[in-house]
>>> print(open('query.cif').read())   # mmCIF, C-alpha atoms
data_my_file
#
loop_
_atom_site.label_atom_id
_atom_site.label_comp_id
_atom_site.auth_asym_id
_atom_site.auth_seq_id
_atom_site.Cartn_x
_atom_site.Cartn_y
_atom_site.Cartn_z
CA MET U 1 17.88 -247.03 18.42
CA PRO U 2 18.46 -248.19 14.82
CA ILE U 3 21.59 -246.55 13.44
CA PRO U 4 19.83 -245.33 10.23
CA LEU U 5 17.60 -243.12 12.38
CA LEU U 6 20.52 -241.08 13.73
CA PRO U 7 21.05 -238.84 10.67
CA ALA U 8 17.35 -238.01 10.59
CA LEU U 9 17.29 -237.16 14.30
CA LEU U 10 20.43 -235.05 14.05
CA GLY U 11 19.06 -233.26 11.01
CA GLY U 12 15.84 -232.57 12.84
CA ALA U 13 17.68 -231.16 15.85
CA LEU U 14 19.82 -228.92 13.65
CA GLY U 15 16.75 -227.76 11.79
CA ALA U 16 14.94 -226.92 15.02
CA GLY U 17 17.99 -225.02 16.23
CA ALA U 18 18.15 -223.01 13.01
CA LEU U 19 14.46 -222.17 13.27
CA ALA U 20 14.89 -221.03 16.88
CA ALA U 21 17.88 -218.88 15.93
CA ALA U 22 15.96 -217.33 13.03
CA ALA U 23 13.04 -216.51 15.34
CA LEU U 24 15.36 -214.87 17.87
CA ARG U 25 17.10 -212.88 15.12
CA ARG U 26 13.73 -211.62 13.89
CA THR U 27 12.89 -210.57 17.45
CA ASP U 28 16.18 -208.66 17.62
CA ALA U 29 15.35 -206.91 14.35
CA ARG U 30 11.88 -205.94 15.59
CA ARG U 31 13.38 -204.50 18.78
CA ALA U 32 15.86 -202.43 16.80
CA ALA U 33 13.10 -201.19 14.48
CA ALA U 34 10.92 -200.22 17.45
CA ALA U 35 13.81 -198.30 19.05
CA TRP U 36 14.49 -196.54 15.74
CA ALA U 37 10.82 -195.49 15.47
CA HIS U 38 10.84 -194.26 19.08
CA LEU U 39 13.86 -192.04 18.48
CA ALA U 40 12.54 -190.76 15.15
CA ALA U 41 9.30 -189.71 16.86
CA LEU U 42 11.28 -187.31 19.08
CA ALA U 43 11.86 -184.96 16.14
CA GLU U 44 10.47 -181.46 16.51
CA PRO U 45 7.92 -180.67 13.78
CA ALA U 46 9.16 -177.06 13.43
CA PRO U 47 12.56 -176.61 15.07
CA PRO U 48 13.94 -173.10 15.65
CA ARG U 49 16.53 -171.71 13.26
CA PHE U 50 20.15 -171.01 14.09
CA ASP U 51 21.19 -167.51 15.08
CA PRO U 52 24.92 -166.98 15.81
CA ALA U 53 23.83 -165.04 18.90
CA MET U 54 22.91 -168.43 20.41
CA VAL U 55 26.60 -169.22 20.95
CA GLU U 56 27.74 -165.87 22.30
CA GLY U 57 29.48 -166.38 25.61
CA LEU U 58 30.68 -169.90 24.81
CA PRO U 59 34.41 -170.69 24.97
CA ALA U 60 36.15 -169.51 21.79
CA PRO U 61 36.78 -173.02 20.33
CA ALA U 62 33.13 -174.04 20.83
CA ARG U 63 31.90 -170.77 19.34
CA ARG U 64 34.16 -171.10 16.27
CA TRP U 65 33.11 -174.70 15.72
CA LEU U 66 29.36 -174.16 16.08
CA THR U 67 29.29 -171.08 13.84
CA ARG U 68 31.12 -173.08 11.15
CA ALA U 69 29.04 -176.22 11.71
CA ILE U 70 25.63 -174.48 11.47
CA ALA U 71 24.86 -171.81 8.89
CA PRO U 72 22.65 -168.89 10.00
CA GLY U 73 18.99 -169.67 9.51
CA THR U 74 19.43 -173.45 9.45
CA PRO U 75 16.58 -175.38 11.13
CA LEU U 76 18.07 -176.86 14.29
CA SER U 77 17.29 -180.50 13.62
CA ARG U 78 18.56 -182.64 16.47
CA ILE U 79 18.04 -186.07 14.92
CA ALA U 80 20.05 -187.52 12.04
CA GLU U 81 19.57 -190.63 9.94
CA ILE U 82 23.00 -191.57 8.62
CA GLU U 83 24.38 -193.97 6.03
CA MET U 84 28.06 -194.85 6.22
CA GLU U 85 30.66 -197.23 4.84
CA GLY U 86 34.18 -198.11 5.85
CA GLU U 87 35.93 -200.66 8.05
CA LEU U 88 35.47 -202.02 11.55
CA GLY U 89 38.36 -203.67 13.36
CA LEU U 90 37.30 -206.84 15.17
CA GLY U 91 40.76 -207.53 16.58
CA ASP U 92 43.26 -205.38 18.40
CA ARG U 93 46.07 -202.96 17.66
CA THR U 94 48.53 -205.70 16.73
CA ALA U 95 46.03 -207.69 14.65
CA PRO U 96 43.19 -205.31 13.66
CA ARG U 97 41.16 -207.78 11.55
CA TYR U 98 39.44 -204.96 9.68
CA GLN U 99 36.19 -205.99 8.03
CA PRO U 100 34.32 -204.02 5.35
CA MET U 101 31.38 -202.23 6.90
CA ARG U 102 28.23 -200.57 5.64
CA ALA U 103 25.70 -199.28 8.14
CA ARG U 104 22.70 -197.11 8.75
CA GLN U 105 22.07 -195.28 11.97
CA ILE U 106 19.65 -192.97 13.70
CA LEU U 107 21.29 -190.59 16.15
CA ALA U 108 19.11 -188.57 18.54
CA PRO U 109 21.40 -187.17 21.24
CA PRO U 110 21.18 -187.32 24.19
CA HIS U 111 18.27 -189.74 23.98
CA GLY U 112 20.04 -192.49 22.08
CA PHE U 113 20.93 -194.14 18.79
CA VAL U 114 20.45 -197.31 16.78
CA TRP U 115 23.32 -198.58 14.61
CA ILE U 116 22.56 -201.37 12.11
CA PRO U 117 25.65 -202.58 10.21
CA ARG U 118 26.61 -205.27 7.76
CA LEU U 119 30.14 -206.48 8.45
CA GLY U 120 32.32 -208.70 6.32
CA ALA U 121 31.12 -210.86 3.44
CA TRP U 122 29.18 -214.10 3.12
CA PRO U 123 29.40 -216.71 4.50
CA ALA U 124 31.05 -214.90 7.42
CA ARG U 125 28.90 -211.75 7.32
CA ILE U 126 27.88 -210.32 10.69
CA LEU U 127 24.47 -208.69 11.03
CA GLY U 128 22.61 -207.14 13.94
CA SER U 129 22.50 -203.87 15.83
CA ASP U 130 23.57 -201.98 18.89
CA GLY U 131 22.03 -198.93 20.43
CA LEU U 132 20.53 -196.97 23.29
CA ALA U 133 16.87 -196.03 23.66
CA ARG U 134 14.57 -195.36 26.60
CA GLY U 135 17.59 -195.64 28.89
CA ASP U 136 18.40 -199.23 27.88
CA ALA U 137 21.36 -200.27 25.73
CA TRP U 138 22.03 -203.45 23.80
CA VAL U 139 24.54 -205.27 21.58
CA ARG U 140 23.05 -208.05 19.43
CA PHE U 141 25.01 -209.49 16.49
CA TRP U 142 24.76 -212.68 14.46
CA LEU U 143 27.20 -214.56 12.24
CA ALA U 144 25.55 -215.51 8.92
CA GLY U 145 22.22 -214.73 10.55
CA LEU U 146 22.36 -218.00 12.51
CA VAL U 147 25.05 -217.93 15.19
CA PRO U 148 24.92 -215.31 17.97
CA VAL U 149 28.38 -213.75 18.35
CA ALA U 150 27.60 -210.87 20.74
CA ARG U 151 24.55 -210.50 22.93
CA ALA U 152 24.23 -208.14 25.87
CA ALA U 153 21.44 -205.83 26.96
CA ASP U 154 19.95 -203.68 29.68
CA THR U 155 22.90 -203.39 32.05
CA PRO U 156 24.02 -200.15 33.74
CA ASP U 157 27.55 -200.61 32.38
CA LEU U 158 26.33 -200.95 28.81
CA ALA U 159 24.00 -197.96 29.12
CA ARG U 160 26.79 -195.79 30.53
CA SER U 161 29.14 -196.73 27.71
CA ALA U 162 26.46 -196.18 25.06
CA MET U 163 25.60 -192.76 26.46
CA ALA U 164 29.23 -191.68 26.04
CA ARG U 165 29.16 -192.84 22.42
CA CYS U 166 25.93 -190.93 21.81
CA VAL U 167 27.42 -187.65 23.07
CA ALA U 168 30.67 -188.12 21.13
CA GLU U 169 28.80 -188.80 17.89
CA ALA U 170 26.63 -185.73 18.47
CA ALA U 171 29.78 -183.65 18.06
CA LEU U 172 30.45 -185.40 14.76
CA TRP U 173 27.00 -185.34 13.18
CA VAL U 174 24.36 -183.47 15.21
CA PRO U 175 25.90 -180.15 16.28
CA ALA U 176 22.48 -178.62 16.96
CA ALA U 177 22.12 -181.00 19.91
CA LEU U 178 25.12 -179.38 21.62
CA LEU U 179 23.95 -175.77 21.54
CA PRO U 180 23.52 -174.10 24.95
CA GLY U 181 20.54 -175.45 26.84
CA PRO U 182 19.44 -177.44 29.89
CA GLY U 183 21.88 -180.17 30.88
CA LEU U 184 24.77 -178.78 28.79
CA ALA U 185 27.77 -176.88 30.15
CA TRP U 186 30.80 -175.71 28.15
CA GLN U 187 34.20 -175.01 29.71
CA ALA U 188 37.28 -173.43 28.09
CA MET U 189 40.52 -175.40 28.12
CA ASP U 190 42.74 -173.35 25.81
CA GLU U 191 42.47 -171.50 22.51
CA HIS U 192 41.83 -174.70 20.54
CA ARG U 193 40.12 -177.00 23.02
CA ALA U 194 36.88 -176.89 25.00
CA ARG U 195 35.12 -179.39 27.23
CA LEU U 196 31.40 -180.10 27.14
CA ARG U 197 29.51 -181.82 29.94
CA VAL U 198 26.11 -183.36 29.16
CA ASP U 199 23.79 -184.39 31.98
CA HIS U 200 20.84 -186.55 30.95
CA ALA U 201 18.69 -189.18 32.63
CA GLY U 202 20.96 -189.42 35.66
CA GLN U 203 24.16 -189.78 33.64
CA ALA U 204 26.95 -187.27 33.07
CA VAL U 205 29.29 -187.43 30.07
CA ALA U 206 32.17 -185.08 29.27
CA VAL U 207 33.79 -184.75 25.84
CA GLU U 208 36.67 -182.52 24.75
CA ILE U 209 36.77 -181.08 21.25
CA GLU U 210 39.80 -179.75 19.39
CA VAL U 211 39.05 -176.99 16.91
CA ALA U 212 41.19 -175.30 14.24
CA ASP U 213 41.51 -171.54 13.92
CA ASP U 214 38.91 -171.57 11.13
CA GLY U 215 36.39 -173.57 13.20
CA ARG U 216 37.01 -177.02 11.72
CA LEU U 217 36.47 -179.85 14.18
CA LEU U 218 39.78 -181.72 14.31
CA ALA U 219 39.39 -184.30 17.06
CA LEU U 220 37.43 -185.31 20.12
CA ALA U 221 38.46 -187.14 23.27
CA MET U 222 36.78 -188.44 26.39
CA GLN U 223 37.05 -190.83 29.28
CA ARG U 224 34.55 -193.54 28.31
CA TRP U 225 33.16 -196.29 30.50
CA SER U 226 34.36 -199.38 28.65
CA ASP U 227 35.53 -202.98 29.01
CA ALA U 228 37.79 -202.78 25.94
CA ASN U 229 40.88 -203.77 27.90
CA PRO U 230 42.78 -207.00 28.59
CA ALA U 231 40.99 -207.52 31.91
CA ARG U 232 37.56 -207.12 30.24
CA VAL U 233 36.51 -204.97 33.21
CA PHE U 234 34.39 -201.86 32.83
CA ARG U 235 36.30 -198.73 33.80
CA LEU U 236 36.92 -195.20 32.58
CA GLN U 237 39.56 -195.13 29.85
CA PRO U 238 40.53 -192.91 26.93
CA PHE U 239 38.40 -192.93 23.82
CA GLY U 240 38.31 -190.56 20.87
CA GLY U 241 39.08 -189.95 17.24
CA ARG U 242 39.90 -187.58 14.43
CA VAL U 243 37.87 -185.87 11.74
CA LEU U 244 39.67 -186.50 8.46
CA GLU U 245 37.23 -184.79 6.06
CA GLU U 246 34.19 -182.54 6.31
CA ALA U 247 30.80 -182.91 4.63
CA ARG U 248 28.18 -180.23 3.97
CA VAL U 249 24.57 -181.32 4.32
CA GLY U 250 22.02 -178.57 3.97
CA GLY U 251 23.05 -175.89 6.42
CA PHE U 252 25.30 -178.21 8.44
CA THR U 253 29.04 -178.83 8.09
CA VAL U 254 29.82 -182.10 9.85
CA ALA U 255 32.33 -184.93 9.86
CA GLY U 256 32.53 -186.62 6.45
CA ARG U 257 35.27 -189.13 7.19
CA VAL U 258 36.40 -190.19 10.65
CA GLU U 259 38.47 -192.64 12.60
CA ALA U 260 37.90 -193.47 16.26
CA GLY U 261 38.87 -196.00 18.85
CA ASN U 262 39.90 -196.94 22.33
CA HIS U 263 42.93 -195.55 24.21
CA PHE U 264 42.96 -192.41 22.06
CA GLY U 265 45.97 -190.22 22.77
CA THR U 266 48.05 -193.10 24.14
CA PRO U 267 50.51 -195.55 22.51
CA ASP U 268 47.75 -198.19 22.71
CA TYR U 269 45.34 -196.26 20.47
CA PHE U 270 43.48 -198.61 18.14
CA PRO U 271 41.20 -196.87 15.58
CA PHE U 272 38.81 -199.78 15.18
CA PHE U 273 36.17 -197.55 13.53
CA ARG U 274 37.00 -195.97 10.16
CA ALA U 275 34.03 -194.60 8.28
CA ARG U 276 32.94 -192.30 5.48
CA ILE U 277 29.49 -190.75 5.44
CA ILE U 278 27.55 -191.42 2.25
CA GLY U 279 24.27 -189.82 3.29
CA ILE U 280 22.62 -187.87 6.10
CA ARG U 281 18.98 -186.92 6.50
CA TYR U 282 18.10 -184.52 9.31
CA ARG U 283 14.72 -184.76 11.02
#
>>> encode(input="query.cif", output="structure tokens")
Amino acid sequence: MPIPLLPALLGGALGAGALAAAALRRTDARRAAAAWAHLAALAEPAPPRFDPAMVEGLPAPARRWLTRAIAPGTPLSRIAEIEMEGELGLGDRTAPRYQPMRARQILAPPHGFVWIPRLGAWPARILGSDGLARGDAWVRFWLAGLVPVARAADTPDLARSAMARCVAEAALWVPAALLPGPGLAWQAMDEHRARLRVDHAGQAVAVEIEVADDGRLLALAMQRWSDANPARVFRLQPFGGRVLEEARVGGFTVAGRVEAGNHFGTPDYFPFFRARIIGIRYR
């Protein structure tokens, strides 16, 4: 092969690789958009309105929280479209490697969520999505839109982990989804803590909430199925976070600024997610 042909051949191969990556990234984006549309279509056209009598009989912390979180007469929308900004830690507790983050999300507990962030800055910006819809979960992210940096989908481990996230985030942003009903069971722990178990689509998730005397949600904790450990093995381990500020949106009072991460409540706690809500639309 004549040596002058090598640069042209290499350039052609790189170009073909870039085109293939771009096509796959577009496919990822279409999948995320389809999942978003599926979850949005689950919205009730005329949801019932909140009556404090709905929470009578719940453990005292849950009752205080829900009556603060939902004003009487508020339509009980169970789907939220959220915009947020903050930081995401891509490292560990000793070297967090926080990156600026801006994201939009649809949250439709217990059915699922789609989270679409922009992390970092060019040329090292990370784009993509993760989520849960129709029982399947995925993680698909790209560096600079060309290099896949995380790709996993449709495994039982991933779906179990994503379901736990969906329930935890319901406590932060979709309190109407945690009112008494089929598949939900509240249990008292003490005057400031209550445990909720959610059963959905063959999965069971339990989350504990900590509530102030005035009904403010202070923190949540759970045992989440996760591989965020040195062995990179999926297992139940502590996860949770704190509500640092509230936000009022229509008739809802929800988390306005939060931090969350793995090994919550232990010396190894790493709050890799630190976010502030900049907009919520309830459907």
>>> residues_around(input="query.cif", residues="stretch 85-99 of chain U", least_positions_apart="6", cutoff="6 Å", atoms="all atoms listed in the file", output="list in words")
Gly120, Phe270, Phe272, Phe273, Arg274, Ala275 and Arg276 of chain U
>>> resolve_selection(input="query.cif", expression="the PyMOL selection byres ((chain U and resi 211) around 9)", output="ChimeraX atom specification")
/U:61-62,64-65,191-194,209-210,212-219
>>> resolve_selection(input="query.cif", expression="the PyMOL selection byres ((chain U and resi 108) around 8)", output="list of chain:residue names")
U:Leu39, U:Ala40, U:Leu42, U:Arg78, U:Ile79, U:Ala80, U:Ile106, U:Leu107, U:Pro109, U:Pro110, U:His111, U:Gly112, U:Phe113, U:Cys166
>>> write_last_selection(input="query.cif", atoms="C-alpha atoms", output="PDB file, in the coordinates of the input")
ATOM      1  CA  LEU U  39      13.860-192.040  18.480  1.00  0.00           C
ATOM      2  CA  ALA U  40      12.540-190.760  15.150  1.00  0.00           C
ATOM      3  CA  LEU U  42      11.280-187.310  19.080  1.00  0.00           C
ATOM      4  CA  ARG U  78      18.560-182.640  16.470  1.00  0.00           C
ATOM      5  CA  ILE U  79      18.040-186.070  14.920  1.00  0.00           C
ATOM      6  CA  ALA U  80      20.050-187.520  12.040  1.00  0.00           C
ATOM      7  CA  ILE U 106      19.650-192.970  13.700  1.00  0.00           C
ATOM      8  CA  LEU U 107      21.290-190.590  16.150  1.00  0.00           C
ATOM      9  CA  PRO U 109      21.400-187.170  21.240  1.00  0.00           C
ATOM     10  CA  PRO U 110      21.180-187.320  24.190  1.00  0.00           C
ATOM     11  CA  HIS U 111      18.270-189.740  23.980  1.00  0.00           C
ATOM     12  CA  GLY U 112      20.040-192.490  22.080  1.00  0.00           C
ATOM     13  CA  PHE U 113      20.930-194.140  18.790  1.00  0.00           C
ATOM     14  CA  CYS U 166      25.930-190.930  21.810  1.00  0.00           C
TER      15      CYS U 166
END
>>> closest_residue(input="query.cif", among="U:Arg224, U:Arg26, U:Arg140, U:Arg134", to="U:His200", atoms="all atoms listed in the file")
U:Arg134
>>> resolve_selection(input="query.cif", expression="the PyMOL selection byres ((chain U and resi 180) around 10)", output="MDAnalysis selection string")
chainID U and resid 54:58 176:179 181:186
>>> write_last_selection(input="query.cif", atoms="C-alpha atoms", output="PDB file, keeping the file's coordinate frame")
ATOM      1  CA  MET U  54      22.910-168.430  20.410  1.00  0.00           C
ATOM      2  CA  VAL U  55      26.600-169.220  20.950  1.00  0.00           C
ATOM      3  CA  GLU U  56      27.740-165.870  22.300  1.00  0.00           C
ATOM      4  CA  GLY U  57      29.480-166.380  25.610  1.00  0.00           C
ATOM      5  CA  LEU U  58      30.680-169.900  24.810  1.00  0.00           C
ATOM      6  CA  ALA U 176      22.480-178.620  16.960  1.00  0.00           C
ATOM      7  CA  ALA U 177      22.120-181.000  19.910  1.00  0.00           C
ATOM      8  CA  LEU U 178      25.120-179.380  21.620  1.00  0.00           C
ATOM      9  CA  LEU U 179      23.950-175.770  21.540  1.00  0.00           C
ATOM     10  CA  GLY U 181      20.540-175.450  26.840  1.00  0.00           C
ATOM     11  CA  PRO U 182      19.440-177.440  29.890  1.00  0.00           C
ATOM     12  CA  GLY U 183      21.880-180.170  30.880  1.00  0.00           C
ATOM     13  CA  LEU U 184      24.770-178.780  28.790  1.00  0.00           C
ATOM     14  CA  ALA U 185      27.770-176.880  30.150  1.00  0.00           C
ATOM     15  CA  TRP U 186      30.800-175.710  28.150  1.00  0.00           C
TER      16      TRP U 186
END
>>> closest_residue(input="query.cif", among="U:His38, U:Leu143, U:Ala33, U:Ala23", to="U:Trp115", atoms="only C-alpha atoms")
U:Ala33
>>> atom_distance(input="query.cif", atom1="atom CA of U:Thr74", atom2="atom CA of U:Val254")
13.5 Å
>>> atom_distance(input="query.cif", atom1="atom CA of U:Glu208", atom2="atom CA of U:Met189")
8.8 Å
>>> atom_distance(input="query.cif", atom1="atom CA of U:Ala144", atom2="atom CA of U:Leu24")
13.6 Å
>>> build_atoms(input="query.cif", residues="stretch 64-79 of chain U", atoms="N, CA, C and O atoms", output="PDB file, keeping the file's coordinate frame")
ATOM      1  N   ARG U  64      33.667-170.994  17.650  1.00  0.00           N
ATOM      2  CA  ARG U  64      34.160-171.100  16.270  1.00  0.00           C
ATOM      3  C   ARG U  64      33.601-172.336  15.584  1.00  0.00           C
ATOM      4  O   ARG U  64      33.205-172.290  14.416  1.00  0.00           O
ATOM      5  N   TRP U  65      33.601-173.451  16.313  1.00  0.00           N
ATOM      6  CA  TRP U  65      33.110-174.700  15.720  1.00  0.00           C
ATOM      7  C   TRP U  65      31.633-174.597  15.380  1.00  0.00           C
ATOM      8  O   TRP U  65      31.220-174.913  14.253  1.00  0.00           O
ATOM      9  N   LEU U  66      30.795-174.160  16.310  1.00  0.00           N
ATOM     10  CA  LEU U  66      29.360-174.160  16.080  1.00  0.00           C
ATOM     11  C   LEU U  66      28.958-173.164  14.988  1.00  0.00           C
ATOM     12  O   LEU U  66      28.033-173.432  14.208  1.00  0.00           O
ATOM     13  N   THR U  67      29.648-172.031  14.897  1.00  0.00           N
ATOM     14  CA  THR U  67      29.290-171.080  13.840  1.00  0.00           C
ATOM     15  C   THR U  67      29.758-171.564  12.471  1.00  0.00           C
ATOM     16  O   THR U  67      29.214-171.155  11.447  1.00  0.00           O
ATOM     17  N   ARG U  68      30.753-172.452  12.425  1.00  0.00           N
ATOM     18  CA  ARG U  68      31.120-173.080  11.150  1.00  0.00           C
ATOM     19  C   ARG U  68      30.189-174.252  10.848  1.00  0.00           C
ATOM     20  O   ARG U  68      29.815-174.480   9.693  1.00  0.00           O
ATOM     21  N   ALA U  69      29.821-175.000  11.902  1.00  0.00           N
ATOM     22  CA  ALA U  69      29.040-176.220  11.710  1.00  0.00           C
ATOM     23  C   ALA U  69      27.589-175.941  11.339  1.00  0.00           C
ATOM     24  O   ALA U  69      26.937-176.798  10.723  1.00  0.00           O
ATOM     25  N   ILE U  70      27.043-174.762  11.709  1.00  0.00           N
ATOM     26  CA  ILE U  70      25.630-174.480  11.470  1.00  0.00           C
ATOM     27  C   ILE U  70      25.519-173.113  10.805  1.00  0.00           C
ATOM     28  O   ILE U  70      25.880-172.088  11.401  1.00  0.00           O
ATOM     29  N   ALA U  71      25.020-173.076   9.600  1.00  0.00           N
ATOM     30  CA  ALA U  71      24.860-171.810   8.890  1.00  0.00           C
ATOM     31  C   ALA U  71      23.684-171.029   9.481  1.00  0.00           C
ATOM     32  O   ALA U  71      22.692-171.618   9.929  1.00  0.00           O
ATOM     33  N   PRO U  72      23.773-169.699   9.497  1.00  0.00           N
ATOM     34  CA  PRO U  72      22.650-168.890  10.000  1.00  0.00           C
ATOM     35  C   PRO U  72      21.349-169.240   9.288  1.00  0.00           C
ATOM     36  O   PRO U  72      21.314-169.429   8.070  1.00  0.00           O
ATOM     37  N   GLY U  73      20.292-169.359  10.069  1.00  0.00           N
ATOM     38  CA  GLY U  73      18.990-169.670   9.510  1.00  0.00           C
ATOM     39  C   GLY U  73      18.690-171.132   9.324  1.00  0.00           C
ATOM     40  O   GLY U  73      17.576-171.498   8.922  1.00  0.00           O
ATOM     41  N   THR U  74      19.650-172.009   9.616  1.00  0.00           N
ATOM     42  CA  THR U  74      19.430-173.450   9.450  1.00  0.00           C
ATOM     43  C   THR U  74      18.473-173.979  10.502  1.00  0.00           C
ATOM     44  O   THR U  74      18.652-173.703  11.693  1.00  0.00           O
ATOM     45  N   PRO U  75      17.442-174.743  10.122  1.00  0.00           N
ATOM     46  CA  PRO U  75      16.580-175.380  11.130  1.00  0.00           C
ATOM     47  C   PRO U  75      17.413-176.286  12.034  1.00  0.00           C
ATOM     48  O   PRO U  75      18.215-177.083  11.547  1.00  0.00           O
ATOM     49  N   LEU U  76      17.223-176.149  13.333  1.00  0.00           N
ATOM     50  CA  LEU U  76      18.070-176.860  14.290  1.00  0.00           C
ATOM     51  C   LEU U  76      17.557-178.270  14.537  1.00  0.00           C
ATOM     52  O   LEU U  76      17.108-178.631  15.629  1.00  0.00           O
ATOM     53  N   SER U  77      17.677-179.090  13.522  1.00  0.00           N
ATOM     54  CA  SER U  77      17.290-180.500  13.620  1.00  0.00           C
ATOM     55  C   SER U  77      18.273-181.216  14.547  1.00  0.00           C
ATOM     56  O   SER U  77      19.487-181.104  14.386  1.00  0.00           O
ATOM     57  N   ARG U  78      17.733-181.979  15.469  1.00  0.00           N
ATOM     58  CA  ARG U  78      18.560-182.640  16.470  1.00  0.00           C
ATOM     59  C   ARG U  78      18.552-184.162  16.327  1.00  0.00           C
ATOM     60  O   ARG U  78      18.989-184.873  17.218  1.00  0.00           O
ATOM     61  N   ILE U  79      18.055-184.641  15.210  1.00  0.00           N
ATOM     62  CA  ILE U  79      18.040-186.070  14.920  1.00  0.00           C
ATOM     63  C   ILE U  79      18.569-186.281  13.511  1.00  0.00           C
ATOM     64  O   ILE U  79      18.155-185.574  12.586  1.00  0.00           O
TER      65      ILE U  79
END
